[in-house]
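Structure first, commentary second.
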Amino acid sequence: MAAVRELVRDRQPTASRVRVRLRGSDHLSGWAFVTPATVLIAIFGLLPIGWSLLLSFQQSDLLTPSTPWVGTANYRRLMHDHTFAVSVQHTIVYTALFVPATMIVGVLIAVALNRNIRGISLYRTAAYVTMAVSTINAAIIFMWLFEPSFGVVNRALGWVGIPAQLWLSNPDQALYVIVAMTVWGWTGFAVVVYLAALQGVPQELYDAAAIDGAGRFASFRTITIPLLSPASLFLAIWLTISALQLFDEVYLTTRGGPLHATSVVVYYLWDQAFNQFDAGYAAAAAYVLFMATLVITYLQFRLGDRYAHYRR
Amino acid sequence: MTHLARITTAIALTGALAITACSSSKPDASSTSSPGTGKTVKIAVWEGYTDTEGKAFADLVSQFNRTHPGIRVTTLETPNDYMLQKVLTAVRGGSPPDVAYLFGSWAPSVAKIPSVVDLTSTAHSPEMNWNDFWPAEQQVATVNGKIIGIPALVDNLAIVYNKSLFTKLGLAPPSPDWTWDDFRNAAKALTDPAAKRVGWSIPADASEDTVWHWEAMLWEAGGDILTPDNSKSAFNSPQGLQATHLLRSMAVDDKSVYIDTTNSKYADLFNAGKIGMLVTGPWDLSGFTVPYGVQVMPTFAGSAAGHQSIAGPDNWVVFDRGNDRKQAAITFLTWLTATPQVKQFSLQTGDLPIRRSLATDAAFVGQMDKALPGVQAFIDNLANVKKARPQVEAYPKISLALGDAIVAVLLNKRTPEEALSRAAAASDQALSGG
């Protein structure tokens with residue numbers, strides 16, 4: 001989003017000329033180009049959004065055609081559902097850990113990779129490669145890394161005298177293993193975004209700061225971080241939305257267990273719809289998540305307007 | 001990676017949820033051809049066979065197509081775990097498959113789908129020879145007295161043990177006379193923390209896989225899952241507690257059990273010699289690389305219930321796509337589940353024969369066991385399947401409650417008493433429609 005805004009701003013000097021030309025055939029051909037995508041998005045995006053809103057006010061088992069209207073009963077049930085409450089709590093904890101962790105690890109690696117040394121493209125590829133690993137492979141790798149008796153992680157902890165942990169088998173630790181796994185998986189994405197943004201930070205600023213006596217940390221804090229803020233805003237929003245929709249990793253590793261310790265909202269609503277055949281209820285849960293995502297994204301944009309620095 | 005997968009999942013979820021809101025189904029234009037026109041009736045079969053099974057099934061389908069010129073069967077491979085999800089979407093879209101392979105535990109829900117064909121009269125036709133199917137298969141295919149499926153698969157649980165480990169440690173291998181105390185002692189003797197070896201492993205992902213292991217033990221102790229009229233839970237009983245306490249003693253006190261919370265590691269660890277015994281089914285045999293033996297599950301000392309096991313039969317379910325296609329589907333299933341085809345499929349895949357008469361065919365059983373050592377013990381063990389899971393719609397909720405209870409006990413988070421009484425309360429609520 002931030003990138004888009006920047007583009008728009010860059011184009012502004014020519015805006016009046018563009019406006020004149022838009023009235024002509026460009027206007028039509030522009031629409032011709034976007035229509036197929038718009039139609040697809042409408043069919044696969046907007047239509048389901050509307051339909052599942054209807055579904056959330058119905059009782060549907062997905063099996064029989066009768067879907068009696070139950071008003072807000074599904075939503076009222078959600079408010080008293082202990083497992084749903086626990087799933088919301090896990091989703092919040094997960095998001096609060098995953099988003100900052102991915103961004104911090106991402107920015108540190110990006111800064112480390114933003115230099116001209118021999119073999120840099122190899123390192124950059126290495127940083128990005130986690131994005132190319134399919135979720136199922138990552139899940140299998142992490143299940144074995146964190147295996148209690150034979151896993152590498154416990155072996156390494158053993159060397160420094162820390163006793164073996166149960167990890168995915170321990171309800172108090174399983175969610176953190178999933179955080180570690182997804183941070184690993186998404187770091188490459190954050191690195192690429194930050195690297196691209198770093199290319200746009202002018203060297204003169206660092207030179208000027210150096211003349212003023214700023215150390216490396218001071219220029220990182222006062223130059224790099226503020227100038228990366230549009231990228232940070234983009235990442236914060238993108239990663240938050242994906243964190244709120246966590247499903248694959250949970251499905252592939254713990255299936256919400258042990259004892260619902262990793263049950264998150266999307267996993268819970270999937271389970272309700274397709275294992276418990278309670279689709280109306282699942283749609284209500286999905287809608288609660290949808291509204292929460294909207295509100296959170298809106299707040300992030302507001303904060304972004306205040307704190308993100310755009311170069312003018 | 002994750003991004004695309006996430007989007008796909010999101011689309012699939014919203015899509016599936018949305019499609020269900022549209023309840024109209026229109027007749028399909030492709031269900032053409034009426035008898036006498038000489039046209040070929042095309043039917044679609046959705047199945048989840050892969051690898052060896054996939055090839056064996058494809059062989060059967062092409063044989064059928066060759067020998068039945070009026071019918072053309074096409075297959076679509078779909079993972080079994082997602083089959084119902086896909087079928088439900090297709091039903092709402094008005095184009096379900098003619099035949100789908102569906103898990104037996106789904107049967108009570110499947111029976112509610114309006115386009116599912118009542119196969120009661122088909123099943124009782126002489127060609128079908130219904131009583132030659134195992135009783136467990138018949139029970140799982142029947143919901144409220146109506147037959148909604150034709151048996152597709154049967155299996156059961158037995159002990160599979162690492163022979164060389166028993167020899168190396170000088171332990172007597174499992175015998176049919178074993179009680180669960182003998183089993184517990186053997187597991188203790190096999191356990192060696194220094195060698196990172198344990199006696200047993202149990203799937204502990206709280207799924208139906210966890211639950212059916214425990215259900216077989218409950219039945220052996222003499223207990224039942226529900227009351228005879230299926231109105232209330234009955235597992236929170238002295239028998240249920242006996243089975244649960246045994247799990248607790250082994251997992252918590254003896255630490256002789258590998259608690260496989262992701263249900264993904266037991267086979268590799270068994271092959272690595274780190275687990276001495278498993279309770280599992282014939283589907284795992286072809287993946288074992290260590291010399292193994294198969295033995296029936298132990299009994300509880302003093303229980304009159306004796307040796308029992310649990311079968312997880314699956315069904316072929318027919319969806320109504322017009323009379324011609326329905327008849328063609330029935331013709332196909334009748335042919336597919338007839339003795340010669342069952343024999344051929346079992347020999348090629350090692351799957352247990354879905355027909356009882358084949359279990360007494362010594363030449364056939366011998367051939368099976370030669371191809372897949374140990375499978376004979378599983379075939380014999382089908383006689384120990386005396387009970388079936390209750391055919392109630394609330395079963396997925398009961399299974400969920402029991403899965404939680406068992407895992408909580410294994411992880412020492414709840415006592416057996418507390419775990420079972422919570423599960424019983426949840427099950428009773430589900431059964432009363434709550």
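The chains in the structure tokens are called A, B, ... from first to last as shown; in each chain the residues are counted from 1, and the ligands are counted from 1 in the order shown.
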Please produce, as JSON lines, a per-residue contact table for region 60-109 of chain B versus region 200-221 of chain B (criterion: any atom at most 12 Å away, only C-alpha atoms considered), showing the nearest atom pair and its distance in Å to one decimal, sorted by chain then residue number.
```
{"residue": "B:Phe103", "atom": "CA", "partner": "B:Glu208", "partner_atom": "CA", "distance": 11.4}
{"residue": "B:Gly104", "atom": "CA", "partner": "B:Glu208", "partner_atom": "CA", "distance": 11.6}
{"residue": "B:Ser105", "atom": "CA", "partner": "B:Glu208", "partner_atom": "CA", "distance": 8.9}
{"residue": "B:Trp106", "atom": "CA", "partner": "B:Glu208", "partner_atom": "CA", "distance": 11.4}
```
Taking only C-alpha atoms into account, report as a PDB file with N, CA and C atoms, in the first residue's frame which residues of chain A lie within 6 Å of chain B.
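Final file, result-v3.pdb:
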```
ATOM      1  N   PRO A  48     -18.849 -14.216  -1.961  1.00  0.00           N
ATOM      2  CA  PRO A  48     -18.778 -15.039  -0.748  1.00  0.00           C
ATOM      3  C   PRO A  48     -18.885 -14.210   0.527  1.00  0.00           C
ATOM      4  N   TRP A  51     -22.504 -13.655   0.955  1.00  0.00           N
ATOM      5  CA  TRP A  51     -23.211 -14.899   1.224  1.00  0.00           C
ATOM      6  C   TRP A  51     -22.920 -15.441   2.625  1.00  0.00           C
ATOM      7  N   SER A  52     -21.657 -15.341   3.025  1.00  0.00           N
ATOM      8  CA  SER A  52     -21.374 -15.894   4.345  1.00  0.00           C
ATOM      9  C   SER A  52     -21.969 -15.021   5.446  1.00  0.00           C
ATOM     10  N   LEU A  55     -25.248 -16.522   5.715  1.00  0.00           N
ATOM     11  CA  LEU A  55     -25.095 -17.842   6.332  1.00  0.00           C
ATOM     12  C   LEU A  55     -24.935 -17.726   7.841  1.00  0.00           C
ATOM     13  N   LEU A  63     -25.433 -30.246   5.004  1.00  0.00           N
ATOM     14  CA  LEU A  63     -25.888 -31.531   4.473  1.00  0.00           C
ATOM     15  C   LEU A  63     -27.277 -31.415   3.875  1.00  0.00           C
ATOM     16  N   THR A  64     -28.171 -30.793   4.619  1.00  0.00           N
ATOM     17  CA  THR A  64     -29.557 -30.700   4.174  1.00  0.00           C
ATOM     18  C   THR A  64     -29.805 -29.318   3.582  1.00  0.00           C
ATOM     19  N   PRO A  65     -30.740 -29.222   2.635  1.00  0.00           N
ATOM     20  CA  PRO A  65     -30.970 -27.916   2.012  1.00  0.00           C
ATOM     21  C   PRO A  65     -31.652 -26.921   2.942  1.00  0.00           C
ATOM     22  N   MET A 131      10.770 -18.468   1.847  1.00  0.00           N
ATOM     23  CA  MET A 131       9.479 -18.220   1.205  1.00  0.00           C
ATOM     24  C   MET A 131       9.177 -19.275   0.143  1.00  0.00           C
ATOM     25  N   ALA A 132      10.225 -19.923  -0.353  1.00  0.00           N
ATOM     26  CA  ALA A 132      10.044 -20.894  -1.432  1.00  0.00           C
ATOM     27  C   ALA A 132       9.775 -22.292  -0.892  1.00  0.00           C
ATOM     28  N   SER A 134       7.573 -24.954   0.786  1.00  0.00           N
ATOM     29  CA  SER A 134       6.127 -25.075   0.970  1.00  0.00           C
ATOM     30  C   SER A 134       5.815 -25.292   2.450  1.00  0.00           C
ATOM     31  N   THR A 135       4.616 -24.863   2.829  1.00  0.00           N
ATOM     32  CA  THR A 135       4.236 -24.948   4.237  1.00  0.00           C
ATOM     33  C   THR A 135       4.319 -26.365   4.761  1.00  0.00           C
ATOM     34  N   SER A 169       4.238 -31.026  22.109  1.00  0.00           N
ATOM     35  CA  SER A 169       3.427 -31.897  22.956  1.00  0.00           C
ATOM     36  C   SER A 169       3.039 -31.220  24.254  1.00  0.00           C
ATOM     37  N   THR A 253       0.440 -29.346  11.748  1.00  0.00           N
ATOM     38  CA  THR A 253       1.243 -29.841  12.872  1.00  0.00           C
ATOM     39  C   THR A 253       0.370 -30.338  14.019  1.00  0.00           C
ATOM     40  N   THR A 254      -0.284 -29.440  14.704  1.00  0.00           N
ATOM     41  CA  THR A 254      -0.926 -29.833  15.960  1.00  0.00           C
ATOM     42  C   THR A 254      -2.425 -30.053  15.850  1.00  0.00           C
ATOM     43  N   LEU A 259      -4.764 -30.260  23.555  1.00  0.00           N
ATOM     44  CA  LEU A 259      -5.800 -29.682  24.411  1.00  0.00           C
ATOM     45  C   LEU A 259      -6.141 -28.243  24.003  1.00  0.00           C
TER      46      LEU A 259
END
```
If DSSP is run on the backbone, what residues of region 217-289 of chain B are helix (DSSP H, G or I)? A reply as a PyMOL selection string would be ideal.
chain B and resi 217-221+238-253+266-271+282-287
Given only C-alpha atoms as the basis, pick out the residue of A:Phe277, A:Trp144, A:Phe247, A:Phe234 nearest to Ala197 (chain A).
A:Phe234
Who sits within 6 Å of Gly48 (chain B), only C-alpha atoms, same chain under 4 positions skipped, as a CSV table (one decimal) with C-alpha atoms, in the first residue's frame:
```
chain,number,residue,atom,x,y,z
B,77,GLU,CA,-8.7,-38.9,-7.1
B,78,THR,CA,-9.3,-36.8,-4.0
B,79,PRO,CA,-7.6,-37.2,-0.6
B,80,ASN,CA,-10.0,-39.1,1.6
```
Write out as a PyMOL selection string the set of residues from region 167-330 of chain B that DSSP, computed on the backbone, places in strand (DSSP E).
chain B and resi 198-203+257-260+275-280+292-295+314-318
Just C-alpha atoms for this one: save the residues we selected as a PDB file, in the first residue's frame.
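Once everything was written out, this is selection07.pdb:
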```pdb
ATOM      1  CA  VAL B 198      10.032 -46.741  24.762  1.00  0.00           C
ATOM      2  CA  GLY B 199       7.715 -49.721  24.819  1.00  0.00           C
ATOM      3  CA  TRP B 200       4.650 -48.341  23.071  1.00  0.00           C
ATOM      4  CA  SER B 201       3.289 -45.369  21.178  1.00  0.00           C
ATOM      5  CA  ILE B 202      -0.221 -44.042  20.956  1.00  0.00           C
ATOM      6  CA  PRO B 203      -1.526 -41.440  18.509  1.00  0.00           C
ATOM      7  CA  VAL B 257       4.686 -44.602  26.000  1.00  0.00           C
ATOM      8  CA  TYR B 258       5.725 -42.241  23.230  1.00  0.00           C
ATOM      9  CA  ILE B 259       2.889 -39.706  23.177  1.00  0.00           C
ATOM     10  CA  ASP B 260       2.695 -38.829  19.490  1.00  0.00           C
ATOM     11  CA  ILE B 275       9.470 -48.015  19.843  1.00  0.00           C
ATOM     12  CA  GLY B 276       8.942 -51.675  20.719  1.00  0.00           C
ATOM     13  CA  MET B 277       5.219 -52.132  20.132  1.00  0.00           C
ATOM     14  CA  LEU B 278       2.421 -50.349  18.331  1.00  0.00           C
ATOM     15  CA  VAL B 279      -1.306 -50.901  18.274  1.00  0.00           C
ATOM     16  CA  THR B 280      -2.140 -50.205  14.670  1.00  0.00           C
ATOM     17  CA  TYR B 292       7.770 -57.353  12.863  1.00  0.00           C
ATOM     18  CA  GLY B 293       5.166 -59.685  14.303  1.00  0.00           C
ATOM     19  CA  VAL B 294       1.408 -59.154  14.626  1.00  0.00           C
ATOM     20  CA  GLN B 295      -0.668 -60.246  17.602  1.00  0.00           C
ATOM     21  CA  ASP B 314     -15.597 -47.031   4.909  1.00  0.00           C
ATOM     22  CA  ASN B 315     -18.441 -46.772   2.412  1.00  0.00           C
ATOM     23  CA  TRP B 316     -19.117 -46.222  -1.260  1.00  0.00           C
ATOM     24  CA  VAL B 317     -21.995 -43.766  -1.314  1.00  0.00           C
ATOM     25  CA  VAL B 318     -24.217 -43.190  -4.363  1.00  0.00           C
TER      26      VAL B 318
END
```
